Every structure is written in structure tokens, then in C-alpha cells.
>>> print(open('entry08.cif').read())   # mmCIF, C-alpha atoms
data_work
#
loop_
_atom_site.group_PDB
_atom_site.id
_atom_site.type_symbol
_atom_site.label_atom_id
_atom_site.label_comp_id
_atom_site.auth_asym_id
_atom_site.auth_seq_id
_atom_site.Cartn_x
_atom_site.Cartn_y
_atom_site.Cartn_z
ATOM 1 C CA MET F 1 19.820 -3.542 0.929
ATOM 2 C CA ILE F 2 20.645 -2.912 -2.675
ATOM 3 C CA ALA F 3 21.235 0.273 -4.632
ATOM 4 C CA ILE F 4 20.852 1.125 -8.293
ATOM 5 C CA GLY F 5 23.601 -0.697 -10.197
ATOM 6 C CA ASP F 6 23.953 -3.473 -7.614
ATOM 7 C CA THR F 7 23.374 -7.103 -8.408
ATOM 8 C CA ALA F 8 20.078 -8.118 -6.862
ATOM 9 C CA PRO F 9 19.822 -11.100 -4.528
ATOM 10 C CA GLU F 10 18.257 -14.220 -5.967
ATOM 11 C CA PHE F 11 15.444 -15.826 -4.037
ATOM 12 C CA ASP F 12 13.750 -19.161 -3.792
ATOM 13 C CA LEU F 13 10.138 -18.733 -2.697
ATOM 14 C CA SER F 14 6.944 -20.634 -3.315
ATOM 15 C CA ASP F 15 3.754 -19.350 -4.850
ATOM 16 C CA THR F 16 0.223 -19.699 -3.536
ATOM 17 C CA ASP F 17 -0.012 -23.213 -4.983
ATOM 18 C CA GLY F 18 3.103 -24.173 -3.051
ATOM 19 C CA GLU F 19 5.108 -24.377 -6.265
ATOM 20 C CA PRO F 20 8.615 -22.925 -6.412
ATOM 21 C CA ALA F 21 8.968 -19.813 -8.559
ATOM 22 C CA PRO F 22 12.409 -19.956 -10.205
ATOM 23 C CA PHE F 23 14.301 -16.675 -10.137
ATOM 24 C CA GLU F 24 14.643 -15.423 -13.712
ATOM 25 C CA THR F 25 15.557 -12.082 -15.230
ATOM 26 C CA PRO F 26 14.818 -9.511 -16.575
ATOM 27 C CA ALA F 27 12.367 -9.137 -13.767
ATOM 28 C CA VAL F 28 10.115 -6.878 -11.797
ATOM 29 C CA VAL F 29 10.026 -7.681 -8.092
ATOM 30 C CA ILE F 30 7.085 -6.118 -6.281
ATOM 31 C CA PHE F 31 6.810 -6.197 -2.514
ATOM 32 C CA THR F 32 3.117 -6.040 -1.813
ATOM 33 C CA CYS F 33 0.466 -7.384 0.513
ATOM 34 C CA ASN F 34 -3.232 -7.940 1.060
ATOM 35 C CA HIS F 35 -4.112 -5.374 3.678
ATOM 36 C CA CYS F 36 -2.472 -2.105 2.634
ATOM 37 C CA PRO F 37 -4.706 0.406 0.821
ATOM 38 C CA TYR F 38 -1.764 1.732 -1.196
ATOM 39 C CA ALA F 39 -0.881 -1.755 -2.416
ATOM 40 C CA LEU F 40 -4.520 -2.388 -3.230
ATOM 41 C CA ALA F 41 -4.909 0.945 -5.014
ATOM 42 C CA TRP F 42 -1.930 0.238 -7.298
ATOM 43 C CA HIS F 43 -2.665 -3.459 -7.719
ATOM 44 C CA ASP F 44 -4.605 -3.363 -10.988
ATOM 45 C CA ARG F 45 -2.053 -1.063 -12.604
ATOM 46 C CA LEU F 46 0.770 -3.438 -11.689
ATOM 47 C CA MET F 47 -1.147 -6.457 -12.970
ATOM 48 C CA ASP F 48 -1.679 -4.620 -16.255
ATOM 49 C CA VAL F 49 2.058 -3.983 -16.586
ATOM 50 C CA ALA F 50 2.717 -7.696 -16.100
ATOM 51 C CA ARG F 51 0.221 -8.515 -18.849
ATOM 52 C CA ASP F 52 1.797 -5.961 -21.183
ATOM 53 C CA TYR F 53 5.454 -6.999 -20.744
ATOM 54 C CA ARG F 54 5.400 -10.694 -21.530
ATOM 55 C CA ASP F 55 9.173 -10.957 -21.908
ATOM 56 C CA VAL F 56 9.786 -9.853 -18.351
ATOM 57 C CA TYR F 57 9.374 -12.048 -15.262
ATOM 58 C CA PHE F 58 7.187 -10.568 -12.552
ATOM 59 C CA TYR F 59 7.158 -11.586 -8.902
ATOM 60 C CA ALA F 60 4.804 -10.292 -6.215
ATOM 61 C CA ILE F 61 6.251 -10.924 -2.759
ATOM 62 C CA ASN F 62 4.373 -10.542 0.518
ATOM 63 C CA PRO F 63 6.862 -10.129 3.380
ATOM 64 C CA ASN F 64 4.542 -8.965 6.163
ATOM 65 C CA ASP F 65 4.372 -10.473 9.634
ATOM 66 C CA ASP F 66 1.224 -12.557 9.346
ATOM 67 C CA GLU F 67 0.863 -13.135 13.076
ATOM 68 C CA ARG F 68 0.059 -9.481 13.701
ATOM 69 C CA TYR F 69 -1.511 -9.061 10.269
ATOM 70 C CA PRO F 70 -3.474 -12.248 9.531
ATOM 71 C CA ALA F 71 -4.857 -10.693 6.347
ATOM 72 C CA ASP F 72 -1.377 -11.339 4.958
ATOM 73 C CA SER F 73 -1.245 -15.029 5.821
ATOM 74 C CA PHE F 74 -0.405 -17.598 3.185
ATOM 75 C CA GLU F 75 -3.988 -18.834 3.286
ATOM 76 C CA ALA F 76 -5.313 -15.310 2.748
ATOM 77 C CA MET F 77 -2.901 -14.822 -0.152
ATOM 78 C CA ARG F 78 -4.052 -18.062 -1.737
ATOM 79 C CA GLU F 79 -7.699 -17.112 -1.277
ATOM 80 C CA ARG F 80 -7.112 -13.716 -2.876
ATOM 81 C CA VAL F 81 -5.474 -15.208 -5.962
ATOM 82 C CA ARG F 82 -8.241 -17.791 -6.196
ATOM 83 C CA ARG F 83 -10.903 -15.096 -5.878
ATOM 84 C CA ASP F 84 -9.185 -13.092 -8.653
ATOM 85 C CA GLU F 85 -9.115 -16.248 -10.803
ATOM 86 C CA GLY F 86 -5.343 -16.091 -11.024
ATOM 87 C CA TRP F 87 -2.721 -13.399 -11.306
ATOM 88 C CA PRO F 88 -0.317 -12.771 -14.205
ATOM 89 C CA MET F 89 2.571 -13.251 -11.772
ATOM 90 C CA PRO F 90 3.298 -15.616 -8.881
ATOM 91 C CA TYR F 91 2.339 -14.295 -5.444
ATOM 92 C CA LEU F 92 5.117 -15.395 -3.125
ATOM 93 C CA ARG F 93 5.302 -15.610 0.655
ATOM 94 C CA ASP F 94 8.519 -14.288 2.237
ATOM 95 C CA GLY F 95 7.843 -15.805 5.638
ATOM 96 C CA THR F 96 11.350 -15.237 6.992
ATOM 97 C CA GLN F 97 11.438 -11.700 5.576
ATOM 98 C CA GLU F 98 14.969 -12.435 4.349
ATOM 99 C CA VAL F 99 14.195 -11.401 0.788
ATOM 100 C CA ALA F 100 12.596 -8.137 1.859
ATOM 101 C CA ARG F 101 15.586 -7.382 4.060
ATOM 102 C CA ALA F 102 18.056 -8.275 1.318
ATOM 103 C CA TYR F 103 16.321 -5.902 -1.094
ATOM 104 C CA GLY F 104 15.768 -3.240 1.535
ATOM 105 C CA ALA F 105 12.039 -3.137 0.893
ATOM 106 C CA LYS F 106 10.425 -0.286 2.796
ATOM 107 C CA THR F 107 6.783 -0.286 1.885
ATOM 108 C CA THR F 108 4.019 -2.119 0.144
ATOM 109 C CA PRO F 109 4.181 -1.548 -2.713
ATOM 110 C CA ASP F 110 7.900 -1.203 -3.389
ATOM 111 C CA VAL F 111 8.972 -1.978 -6.941
ATOM 112 C CA PHE F 112 12.384 -3.207 -8.164
ATOM 113 C CA VAL F 113 13.344 -3.639 -11.842
ATOM 114 C CA LEU F 114 16.217 -6.001 -12.627
ATOM 115 C CA ASP F 115 17.887 -6.356 -16.004
ATOM 116 C CA SER F 116 18.950 -9.631 -17.583
ATOM 117 C CA ASN F 117 22.219 -9.472 -15.630
ATOM 118 C CA GLU F 118 20.251 -9.224 -12.364
ATOM 119 C CA VAL F 119 21.341 -5.612 -11.928
ATOM 120 C CA LEU F 120 18.922 -3.204 -10.252
ATOM 121 C CA ARG F 121 17.810 -0.581 -12.774
ATOM 122 C CA TYR F 122 14.782 0.992 -11.060
ATOM 123 C CA ARG F 123 13.425 1.117 -7.552
ATOM 124 C CA GLY F 124 10.444 2.967 -6.142
ATOM 125 C CA ALA F 125 6.786 3.664 -6.705
ATOM 126 C CA PRO F 126 4.813 2.524 -9.771
ATOM 127 C CA ASP F 127 3.874 6.139 -10.559
ATOM 128 C CA ALA F 128 3.304 9.475 -8.866
ATOM 129 C CA ASP F 129 -0.186 9.008 -7.428
ATOM 130 C CA TYR F 130 -1.952 5.967 -5.987
ATOM 131 C CA ASN F 131 -5.205 7.828 -6.535
ATOM 132 C CA ASP F 132 -4.857 8.366 -10.279
ATOM 133 C CA PRO F 133 -5.283 5.167 -12.314
ATOM 134 C CA THR F 134 -4.672 7.083 -15.548
ATOM 135 C CA LEU F 135 -0.992 7.327 -14.614
ATOM 136 C CA ASN F 136 -0.878 3.633 -15.493
ATOM 137 C CA ALA F 137 2.298 2.819 -13.532
ATOM 138 C CA ILE F 138 4.185 5.097 -15.914
ATOM 139 C CA TRP F 139 7.426 5.250 -13.897
ATOM 140 C CA LEU F 140 7.666 1.486 -13.947
ATOM 141 C CA ARG F 141 6.777 1.318 -17.651
ATOM 142 C CA GLU F 142 9.362 3.972 -18.541
ATOM 143 C CA ALA F 143 12.016 2.046 -16.645
ATOM 144 C CA LEU F 144 11.102 -1.185 -18.397
ATOM 145 C CA ASP F 145 11.046 0.445 -21.822
ATOM 146 C CA ALA F 146 14.490 1.958 -21.297
ATOM 147 C CA MET F 147 15.947 -1.230 -19.874
ATOM 148 C CA LEU F 148 14.581 -3.398 -22.664
ATOM 149 C CA ALA F 149 15.916 -0.932 -25.249
ATOM 150 C CA GLY F 150 19.375 -1.133 -23.697
ATOM 151 C CA GLU F 151 19.220 2.485 -22.569
ATOM 152 C CA GLU F 152 19.799 4.201 -19.264
ATOM 153 C CA VAL F 153 16.723 4.552 -17.092
ATOM 154 C CA ALA F 154 16.069 8.285 -16.924
ATOM 155 C CA ARG F 155 14.423 8.151 -13.521
ATOM 156 C CA PRO F 156 16.111 5.196 -11.800
ATOM 157 C CA GLU F 157 14.853 5.873 -8.305
ATOM 158 C CA THR F 158 11.698 7.288 -6.760
ATOM 159 C CA GLU F 159 10.465 7.276 -3.204
ATOM 160 C CA PRO F 160 8.351 4.203 -2.525
ATOM 161 C CA VAL F 161 4.939 5.140 -1.141
ATOM 162 C CA GLY F 162 2.771 2.845 0.925
ATOM 163 C CA CYS F 163 2.381 1.049 4.208
ATOM 164 C CA SER F 164 5.570 0.168 6.002
ATOM 165 C CA VAL F 165 6.666 -3.454 5.714
ATOM 166 C CA LYS F 166 5.418 -5.200 8.852
ATOM 167 C CA TRP F 167 8.621 -6.596 10.323
ATOM 168 C CA LYS F 168 8.506 -9.341 12.918
ATOM 169 C CA MET D 1 -20.541 23.477 16.112
ATOM 170 C CA SER D 2 -18.429 25.477 18.575
ATOM 171 C CA HIS D 3 -18.328 22.595 21.043
ATOM 172 C CA THR D 4 -17.893 19.905 18.474
ATOM 173 C CA ALA D 5 -14.904 17.640 18.950
ATOM 174 C CA VAL D 6 -13.076 16.603 15.819
ATOM 175 C CA GLU D 7 -10.373 14.000 16.268
ATOM 176 C CA LEU D 8 -7.969 12.456 13.829
ATOM 177 C CA LEU D 9 -6.421 9.286 15.172
ATOM 178 C CA PHE D 10 -3.337 8.105 13.336
ATOM 179 C CA TRP D 11 -0.493 5.649 13.378
ATOM 180 C CA ASP D 12 2.861 6.867 12.140
ATOM 181 C CA GLY D 13 3.555 3.618 10.255
ATOM 182 C CA CYS D 14 0.989 4.677 7.696
ATOM 183 C CA PRO D 15 1.715 7.724 5.529
ATOM 184 C CA SER D 16 -1.902 8.757 4.914
ATOM 185 C CA HIS D 17 -2.656 10.994 7.888
ATOM 186 C CA PRO D 18 -1.130 14.219 6.517
ATOM 187 C CA GLU D 19 -3.330 13.905 3.435
ATOM 188 C CA ALA D 20 -6.355 13.127 5.609
ATOM 189 C CA LEU D 21 -5.641 16.109 7.844
ATOM 190 C CA ASP D 22 -5.267 18.462 4.878
ATOM 191 C CA GLN D 23 -8.554 17.193 3.488
ATOM 192 C CA LEU D 24 -10.310 17.492 6.831
ATOM 193 C CA ASP D 25 -9.011 21.017 7.475
ATOM 194 C CA ARG D 26 -10.117 22.100 4.001
ATOM 195 C CA ILE D 27 -13.607 20.681 4.360
ATOM 196 C CA LEU D 28 -14.088 22.157 7.830
ATOM 197 C CA ARG D 29 -13.028 25.528 6.455
ATOM 198 C CA GLU D 30 -15.280 25.238 3.403
ATOM 199 C CA GLU D 31 -18.213 24.283 5.604
ATOM 200 C CA GLY D 32 -17.574 27.230 7.889
ATOM 201 C CA VAL D 33 -16.841 25.068 10.907
ATOM 202 C CA ARG D 34 -14.477 26.760 13.305
ATOM 203 C CA THR D 35 -12.873 24.052 15.347
ATOM 204 C CA SER D 36 -9.423 22.639 15.677
ATOM 205 C CA VAL D 37 -8.662 19.026 14.912
ATOM 206 C CA GLU D 38 -7.264 17.079 17.831
ATOM 207 C CA LEU D 39 -4.506 14.751 16.658
ATOM 208 C CA VAL D 40 -4.244 11.490 18.581
ATOM 209 C CA GLU D 41 -1.247 9.290 17.828
ATOM 210 C CA VAL D 42 -1.780 5.586 18.394
ATOM 211 C CA THR D 43 1.486 3.834 19.097
ATOM 212 C CA SER D 44 0.692 0.339 20.371
ATOM 213 C CA ASP D 45 -1.748 -2.487 19.810
ATOM 214 C CA GLU D 46 -2.890 -2.052 23.407
ATOM 215 C CA GLN D 47 -3.742 1.573 22.744
ATOM 216 C CA ALA D 48 -5.417 0.585 19.478
ATOM 217 C CA GLN D 49 -7.685 -1.762 21.420
ATOM 218 C CA ARG D 50 -8.353 0.831 24.074
ATOM 219 C CA GLU D 51 -9.149 3.568 21.552
ATOM 220 C CA ARG D 52 -11.122 1.156 19.335
ATOM 221 C CA PHE D 53 -8.815 2.173 16.514
ATOM 222 C CA PRO D 54 -9.506 0.248 13.293
ATOM 223 C CA GLY D 55 -6.592 1.796 11.442
ATOM 224 C CA SER D 56 -4.942 4.988 10.312
ATOM 225 C CA PRO D 57 -6.405 7.470 9.708
ATOM 226 C CA THR D 58 -9.616 7.371 11.724
ATOM 227 C CA ILE D 59 -11.659 10.571 11.944
ATOM 228 C CA ARG D 60 -14.264 11.038 14.635
ATOM 229 C CA ILE D 61 -16.705 13.889 15.084
ATOM 230 C CA ASN D 62 -18.257 14.034 18.530
ATOM 231 C CA GLY D 63 -16.886 10.557 19.083
ATOM 232 C CA GLN D 64 -18.562 9.103 15.992
ATOM 233 C CA ASP D 65 -16.424 7.597 13.256
ATOM 234 C CA VAL D 66 -17.165 9.436 10.013
ATOM 235 C CA ILE D 67 -17.079 6.071 8.221
ATOM 236 C CA PRO D 68 -18.128 3.531 10.859
ATOM 237 C CA PRO D 69 -16.056 0.353 10.599
ATOM 238 C CA GLY D 70 -17.624 -3.050 10.180
ATOM 239 C CA ASP D 71 -18.438 -5.099 13.266
ATOM 240 C CA THR D 72 -15.661 -7.590 12.529
ATOM 241 C CA GLU D 73 -12.953 -5.055 11.751
ATOM 242 C CA PRO D 74 -10.091 -5.611 14.209
ATOM 243 C CA PHE D 75 -8.439 -2.835 16.196
ATOM 244 C CA SER D 76 -4.731 -2.674 15.413
ATOM 245 C CA LEU D 77 -1.846 -0.629 14.104
ATOM 246 C CA THR D 78 -2.590 -0.744 10.429
ATOM 247 C CA CYS D 79 -3.454 1.444 7.469
ATOM 248 C CA ARG D 80 -7.172 1.714 7.086
ATOM 249 C CA VAL D 81 -8.811 0.781 3.801
ATOM 250 C CA TYR D 82 -11.537 3.130 2.556
ATOM 251 C CA ARG D 83 -13.581 3.107 -0.629
ATOM 252 C CA SER D 84 -14.023 6.157 -2.792
ATOM 253 C CA ARG D 85 -17.487 6.861 -4.110
ATOM 254 C CA ASP D 86 -16.532 5.318 -7.441
ATOM 255 C CA GLY D 87 -15.528 2.106 -5.684
ATOM 256 C CA ARG D 88 -11.759 2.417 -5.710
ATOM 257 C CA VAL D 89 -9.643 1.450 -2.709
ATOM 258 C CA THR D 90 -8.107 4.461 -1.029
ATOM 259 C CA PRO D 91 -6.161 5.117 2.182
ATOM 260 C CA VAL D 92 -8.241 8.189 3.104
ATOM 261 C CA PRO D 93 -11.996 8.778 3.239
ATOM 262 C CA ASP D 94 -13.726 10.072 0.149
ATOM 263 C CA PRO D 95 -13.902 13.879 0.564
ATOM 264 C CA GLU D 96 -17.640 13.904 -0.061
ATOM 265 C CA ASP D 97 -18.221 11.295 2.644
ATOM 266 C CA LEU D 98 -16.223 13.476 4.979
ATOM 267 C CA ARG D 99 -18.192 16.559 3.984
ATOM 268 C CA GLU D 100 -21.466 14.750 4.652
ATOM 269 C CA ALA D 101 -20.272 13.721 8.092
ATOM 270 C CA VAL D 102 -19.322 17.305 8.898
ATOM 271 C CA ARG D 103 -22.725 18.546 7.771
ATOM 272 C CA ARG D 104 -24.518 15.903 9.825
ATOM 273 C CA ALA D 105 -22.702 17.078 12.930
ATOM 274 C CA ARG D 106 -23.605 20.762 12.502
#
>>> encode(input="entry08.cif", output="C-alpha cells")
Amino acid sequence: MIAIGDTAPEFDLSDTDGEPAPFETPAVVIFTCNHCPYALAWHDRLMDVARDYRDVYFYAINPNDDERYPADSFEAMRERVRRDEGWPMPYLRDGTQEVARAYGAKTTPDVFVLDSNEVLRYRGAPDADYNDPTLNAIWLREALDAMLAGEEVARPETEPVGCSVKWK
Amino acid sequence: MSHTAVELLFWDGCPSHPEALDQLDRILREEGVRTSVELVEVTSDEQAQRERFPGSPTIRINGQDVIPPGDTEPFSLTCRVYRSRDGRVTPVPDPEDLREAVRRAR
């Protein structure tokens, strides 16, 4: 589990095409999944952030136990990306859950912002309310803006809100 | 509705039941329905099967799910996915759907 100011663990996971997604920074690492209504409610906002911040690497990681939650299987992930006609970030399967454990992911979604030195600069929810799309993932955007400007992130940590990660 | 049973089934791994309970209490009060909500915690997949629990939260009035799940929806410990009236995904029922269900049961 990492805290603000810690160096984040690198990872080596494959996307829904089976292609490796090299770990690059600055980055936003989003633990998410297919079945959680909170993850689904924030999904479009997070995709929009990825489209708006082209100089930042984005990774969506699904760590859930897919035996008990087959909606989170690799095949279901691939089908979802195909149905959406692609995502602006790789959707990665953390089948061993090692990455989620290393980051200390609690929920889906749970968002981590890493600077170019792989240091954790923000962790938490995208914004204050899953039910208000006008918030536009503002906490995440503020963190990115500060980080990219070389400034301190004013609100470096918020409580992640969502479904618990489904541990094996 | 004095003999009406209102149940809220929930799983603690999903954070939505306090919001659902607040919403349900408010709507019952606004509709003038004097009944207490029975909270039923579901803690295992076996219980989920037994209770026919499609996810948290599930609200039943007189045993009827206020938003009946689809025939293929599995019973398990999970967060339930609802749709608001404007089509957005949400972890709790749309308040107006809930209000309609309460009125139907009166």
C-alpha cells in the first residue's frame, strides 16, 4: 500500500487485446471494473479526462475476482471495450491482484495520480458525487493541473467511493 | 398500509444502502406511509441465493421488488446496478420509481 509521496509500484499487465501496456509516467492509474454501479457512473467522466490530458498516461485496471464475479472476466472486459469501440486508455486485467494490493486499492473506482518520477500525488475519488456528471471529475483534474504545473496538489487525498475490490 | 412490509436487503460490501435507506424513509414519510423499514443484511452467497438477492440494495414492499430484476440476473453479494429515469447508471433506485412503488402498494 502506498501513501502520498511514495514511489508507486510499476506493473506489467496486458490490455484487452493481450498486448503489454508499458508502465510510463506521469500517469493516472484507475482501479475499476465492469459490474460496479459507482465505477459505471464515473466511467464517462474518467474517459473524458483521459481524452483531455494527452500528455499523461492512463491505465484502467480491473483487479476483481472473476470467478465470483464473471462480469469482470477478461472476456467480458474485452467485449466491453469492443462494444464501446475502444477506450482512450488500456483496460488491464490484474488477475493475481498483486497490483491492486501493492497500491492498496480499496474500491472501484479508486484513482491514483503519479508524477513523472512515479511519485503518488493524488489518491481517491474522481469528484465528490457519482450522481453529478457536471462535477466532471474535478478532483482528479485539479490534481493533474497542479502536478503538471509543478505545484503542490491542494487536495492530495480523498476517500475513494465505490464497490469494494473483490479479493480472492 | 399499516400491515405493509417494507424490507431493505443489503450487503455491507456495497456503500449504497445508507443512501437508499434515507431515500426510502423520506419517500415513505412524504407519502404518509407509517411503517418501519426492516433491514436485512445478506452476508453470504448462500444467503443471497436463499433470499433471491440480486444485489445491494434491494427494496421489497410486501415481498415485491420495487424494481424487479431481470430473469437472468444472478443472486450474489454484489452492488446492484439501477438506471435513473434519464438513463444514467446509479447504485440506488431512482426516487420517482421508488415513490411509484410505494403508491402502488397503498
>>> resolve_selection(input="entry08.cif", expression="the PyMOL selection byres ((chain F) within 10 of (chain D))", output="list of chain:residue names")
F:His35, F:Cys36, F:Pro37, F:Tyr38, F:Ala39, F:Leu40, F:Ala41, F:Trp42, F:His43, F:Arg68, F:Tyr69, F:Thr107, F:Tyr130, F:Asn131, F:Pro133, F:Val161, F:Gly162, F:Cys163, F:Ser164, F:Val165, F:Lys166
>>> resolve_selection(input="entry08.cif", expression="the PyMOL selection byres ((chain F and resi 122) around 7)", output="VMD selection string")
chain F and resid 4 112 to 113 120 to 121 123 to 124 143 156 to 157
>>> atom_distance(input="entry08.cif", atom1="CA of Arg34 (chain D)", atom2="CA of Thr4 (chain D)")
9.2 Å
>>> residues_around(input="entry08.cif", residues="Arg60 (chain D)", least_positions_apart="4", cutoff="7 Å", atoms="only C-alpha atoms", output="ChimeraX atom specification")
/D:6-8,64-66
>>> axis_aligned_box(input="entry08.cif", around="region 50-65 of chain D", padding_each_side="6 Å", output="AutoDock Vina command-line options")
--center_x -11.8 --center_y 7.1 --center_z 16.9 --size_x 25.6 --size_y 25.8 --size_z 26.4
>>> closest_residue(input="entry08.cif", among="F:Met147, F:Cys33, F:Ala27, F:Ala102", to="Ala71 (chain F)", atoms="only C-alpha atoms")
F:Cys33
>>> atom_distance(input="entry08.cif", atom1="CA of Met89 (chain F)", atom2="CA of Phe11 (chain F)")
15.2 Å
>>> resolve_selection(input="entry08.cif", expression="the PyMOL selection byres ((chain D and resi 48) around 10)", output="list of chain:residue names")
D:Leu9, D:Phe10, D:Trp11, D:Glu41, D:Val42, D:Thr43, D:Ser44, D:Asp45, D:Glu46, D:Gln47, D:Gln49, D:Arg50, D:Glu51, D:Arg52, D:Phe53, D:Pro54, D:Gly55, D:Pro74, D:Phe75, D:Ser76, D:Leu77, D:Thr78
>>> atom_distance(input="entry08.cif", atom1="CA of Phe23 (chain F)", atom2="CA of Tyr57 (chain F)")
8.5 Å
>>> residues_around(input="entry08.cif", residues="Ser36 (chain D)", least_positions_apart="6", cutoff="12 Å", atoms="all atoms listed in the file", output="PDB file with C-alpha atoms, in the frame of the given file")
ATOM      1  CA  MET D   1     -20.541  23.477  16.112  1.00  0.00           C
ATOM      2  CA  SER D   2     -18.429  25.477  18.575  1.00  0.00           C
ATOM      3  CA  HIS D   3     -18.328  22.595  21.043  1.00  0.00           C
ATOM      4  CA  THR D   4     -17.893  19.905  18.474  1.00  0.00           C
ATOM      5  CA  ALA D   5     -14.904  17.640  18.950  1.00  0.00           C
ATOM      6  CA  VAL D   6     -13.076  16.603  15.819  1.00  0.00           C
ATOM      7  CA  GLU D   7     -10.373  14.000  16.268  1.00  0.00           C
ATOM      8  CA  LEU D   8      -7.969  12.456  13.829  1.00  0.00           C
ATOM      9  CA  LEU D  21      -5.641  16.109   7.844  1.00  0.00           C
ATOM     10  CA  LEU D  24     -10.310  17.492   6.831  1.00  0.00           C
ATOM     11  CA  ASP D  25      -9.011  21.017   7.475  1.00  0.00           C
ATOM     12  CA  ARG D  26     -10.117  22.100   4.001  1.00  0.00           C
ATOM     13  CA  LEU D  28     -14.088  22.157   7.830  1.00  0.00           C
ATOM     14  CA  ARG D  29     -13.028  25.528   6.455  1.00  0.00           C
ATOM     15  CA  ILE D  61     -16.705  13.889  15.084  1.00  0.00           C
TER      16      ILE D  61
END
>>> residues_around(input="entry08.cif", residues="Asp94 (chain F)", least_positions_apart="3", cutoff="10 Å", atoms="only C-alpha atoms", output="PDB file with C-alpha atoms, in the frame of the given file")
ATOM      1  CA  PHE F  11      15.444 -15.826  -4.037  1.00  0.00           C
ATOM      2  CA  ASP F  12      13.750 -19.161  -3.792  1.00  0.00           C
ATOM      3  CA  LEU F  13      10.138 -18.733  -2.697  1.00  0.00           C
ATOM      4  CA  SER F  14       6.944 -20.634  -3.315  1.00  0.00           C
ATOM      5  CA  ASP F  15       3.754 -19.350  -4.850  1.00  0.00           C
ATOM      6  CA  PHE F  31       6.810  -6.197  -2.514  1.00  0.00           C
ATOM      7  CA  ILE F  61       6.251 -10.924  -2.759  1.00  0.00           C
ATOM      8  CA  ASN F  62       4.373 -10.542   0.518  1.00  0.00           C
ATOM      9  CA  PRO F  63       6.862 -10.129   3.380  1.00  0.00           C
ATOM     10  CA  ASN F  64       4.542  -8.965   6.163  1.00  0.00           C
ATOM     11  CA  ASP F  65       4.372 -10.473   9.634  1.00  0.00           C
ATOM     12  CA  PHE F  74      -0.405 -17.598   3.185  1.00  0.00           C
ATOM     13  CA  TYR F  91       2.339 -14.295  -5.444  1.00  0.00           C
ATOM     14  CA  GLN F  97      11.438 -11.700   5.576  1.00  0.00           C
ATOM     15  CA  GLU F  98      14.969 -12.435   4.349  1.00  0.00           C
ATOM     16  CA  VAL F  99      14.195 -11.401   0.788  1.00  0.00           C
ATOM     17  CA  ALA F 100      12.596  -8.137   1.859  1.00  0.00           C
TER      18      ALA F 100
END
>>> residues_near_point(input="entry08.cif", point="(1.7, -6.3, -20.6)", cutoff="12 Å", atoms="only C-alpha atoms", output="list in words")
Asp44, Arg45, Leu46, Met47, Asp48, Val49, Ala50, Arg51, Asp52, Tyr53, Arg54, Asp55, Val56, Tyr57, Phe58, Pro88, Met89, Asn136, Ala137, Leu140, Arg141, Leu144 and Asp145 of chain F
>>> decode(input="entry08.cif", residues="region 12-63 of chain D", atoms="C-alpha atoms", output="PDB file, in the first residue's frame")
ATOM      1  CA  ASP D  12     -22.114  -4.369   3.678  1.00  0.00           C
ATOM      2  CA  GLY D  13     -19.517  -4.597   0.887  1.00  0.00           C
ATOM      3  CA  CYS D  14     -21.512  -2.032  -1.037  1.00  0.00           C
ATOM      4  CA  PRO D  15     -21.760   1.508   0.347  1.00  0.00           C
ATOM      5  CA  SER D  16     -25.137   2.392  -1.182  1.00  0.00           C
ATOM      6  CA  HIS D  17     -27.596   1.150   1.430  1.00  0.00           C
ATOM      7  CA  PRO D  18     -27.459   4.177   3.760  1.00  0.00           C
ATOM      8  CA  GLU D  19     -28.367   6.423   0.833  1.00  0.00           C
ATOM      9  CA  ALA D  20     -31.124   4.021  -0.223  1.00  0.00           C
ATOM     10  CA  LEU D  21     -32.499   3.888   3.311  1.00  0.00           C
ATOM     11  CA  ASP D  22     -32.511   7.680   3.634  1.00  0.00           C
ATOM     12  CA  GLN D  23     -34.331   7.931   0.321  1.00  0.00           C
ATOM     13  CA  LEU D  24     -36.825   5.240   1.262  1.00  0.00           C
ATOM     14  CA  ASP D  25     -37.546   6.758   4.683  1.00  0.00           C
ATOM     15  CA  ARG D  26     -38.080  10.173   3.096  1.00  0.00           C
ATOM     16  CA  ILE D  27     -40.457   8.885   0.447  1.00  0.00           C
ATOM     17  CA  LEU D  28     -42.458   6.820   2.934  1.00  0.00           C
ATOM     18  CA  ARG D  29     -42.782   9.907   5.113  1.00  0.00           C
ATOM     19  CA  GLU D  30     -43.753  12.138   2.189  1.00  0.00           C
ATOM     20  CA  GLU D  31     -46.356   9.620   1.076  1.00  0.00           C
ATOM     21  CA  GLY D  32     -47.791   9.423   4.570  1.00  0.00           C
ATOM     22  CA  VAL D  33     -46.947   5.759   4.994  1.00  0.00           C
ATOM     23  CA  ARG D  34     -46.368   4.860   8.607  1.00  0.00           C
ATOM     24  CA  THR D  35     -44.279   1.743   8.633  1.00  0.00           C
ATOM     25  CA  SER D  36     -40.790   0.871   9.672  1.00  0.00           C
ATOM     26  CA  VAL D  37     -38.257  -0.482   7.227  1.00  0.00           C
ATOM     27  CA  GLU D  38     -36.927  -3.906   8.103  1.00  0.00           C
ATOM     28  CA  LEU D  39     -33.202  -4.089   7.396  1.00  0.00           C
ATOM     29  CA  VAL D  40     -31.956  -7.492   6.270  1.00  0.00           C
ATOM     30  CA  GLU D  41     -28.200  -7.937   5.988  1.00  0.00           C
ATOM     31  CA  VAL D  42     -27.064 -10.513   3.458  1.00  0.00           C
ATOM     32  CA  THR D  43     -23.670 -11.893   4.354  1.00  0.00           C
ATOM     33  CA  SER D  44     -23.036 -14.951   2.182  1.00  0.00           C
ATOM     34  CA  ASP D  45     -23.628 -16.209  -1.328  1.00  0.00           C
ATOM     35  CA  GLU D  46     -25.733 -19.000   0.159  1.00  0.00           C
ATOM     36  CA  GLN D  47     -27.977 -16.467   1.848  1.00  0.00           C
ATOM     37  CA  ALA D  48     -28.078 -14.418  -1.352  1.00  0.00           C
ATOM     38  CA  GLN D  49     -29.401 -17.464  -3.192  1.00  0.00           C
ATOM     39  CA  ARG D  50     -31.870 -18.240  -0.449  1.00  0.00           C
ATOM     40  CA  GLU D  51     -33.165 -14.666  -0.266  1.00  0.00           C
ATOM     41  CA  ARG D  52     -33.125 -14.299  -4.072  1.00  0.00           C
ATOM     42  CA  PHE D  53     -30.918 -11.269  -3.560  1.00  0.00           C
ATOM     43  CA  PRO D  54     -29.761  -9.728  -6.853  1.00  0.00           C
ATOM     44  CA  GLY D  55     -27.542  -7.167  -5.169  1.00  0.00           C
ATOM     45  CA  SER D  56     -27.347  -4.351  -2.675  1.00  0.00           C
ATOM     46  CA  PRO D  57     -29.587  -2.541  -2.063  1.00  0.00           C
ATOM     47  CA  THR D  58     -32.778  -4.441  -2.832  1.00  0.00           C
ATOM     48  CA  ILE D  59     -36.058  -2.943  -1.626  1.00  0.00           C
ATOM     49  CA  ARG D  60     -39.177  -5.048  -1.349  1.00  0.00           C
ATOM     50  CA  ILE D  61     -42.690  -3.956  -0.478  1.00  0.00           C
ATOM     51  CA  ASN D  62     -44.967  -6.808   0.517  1.00  0.00           C
ATOM     52  CA  GLY D  63     -42.325  -9.138  -0.850  1.00  0.00           C
TER      53      GLY D  63
END
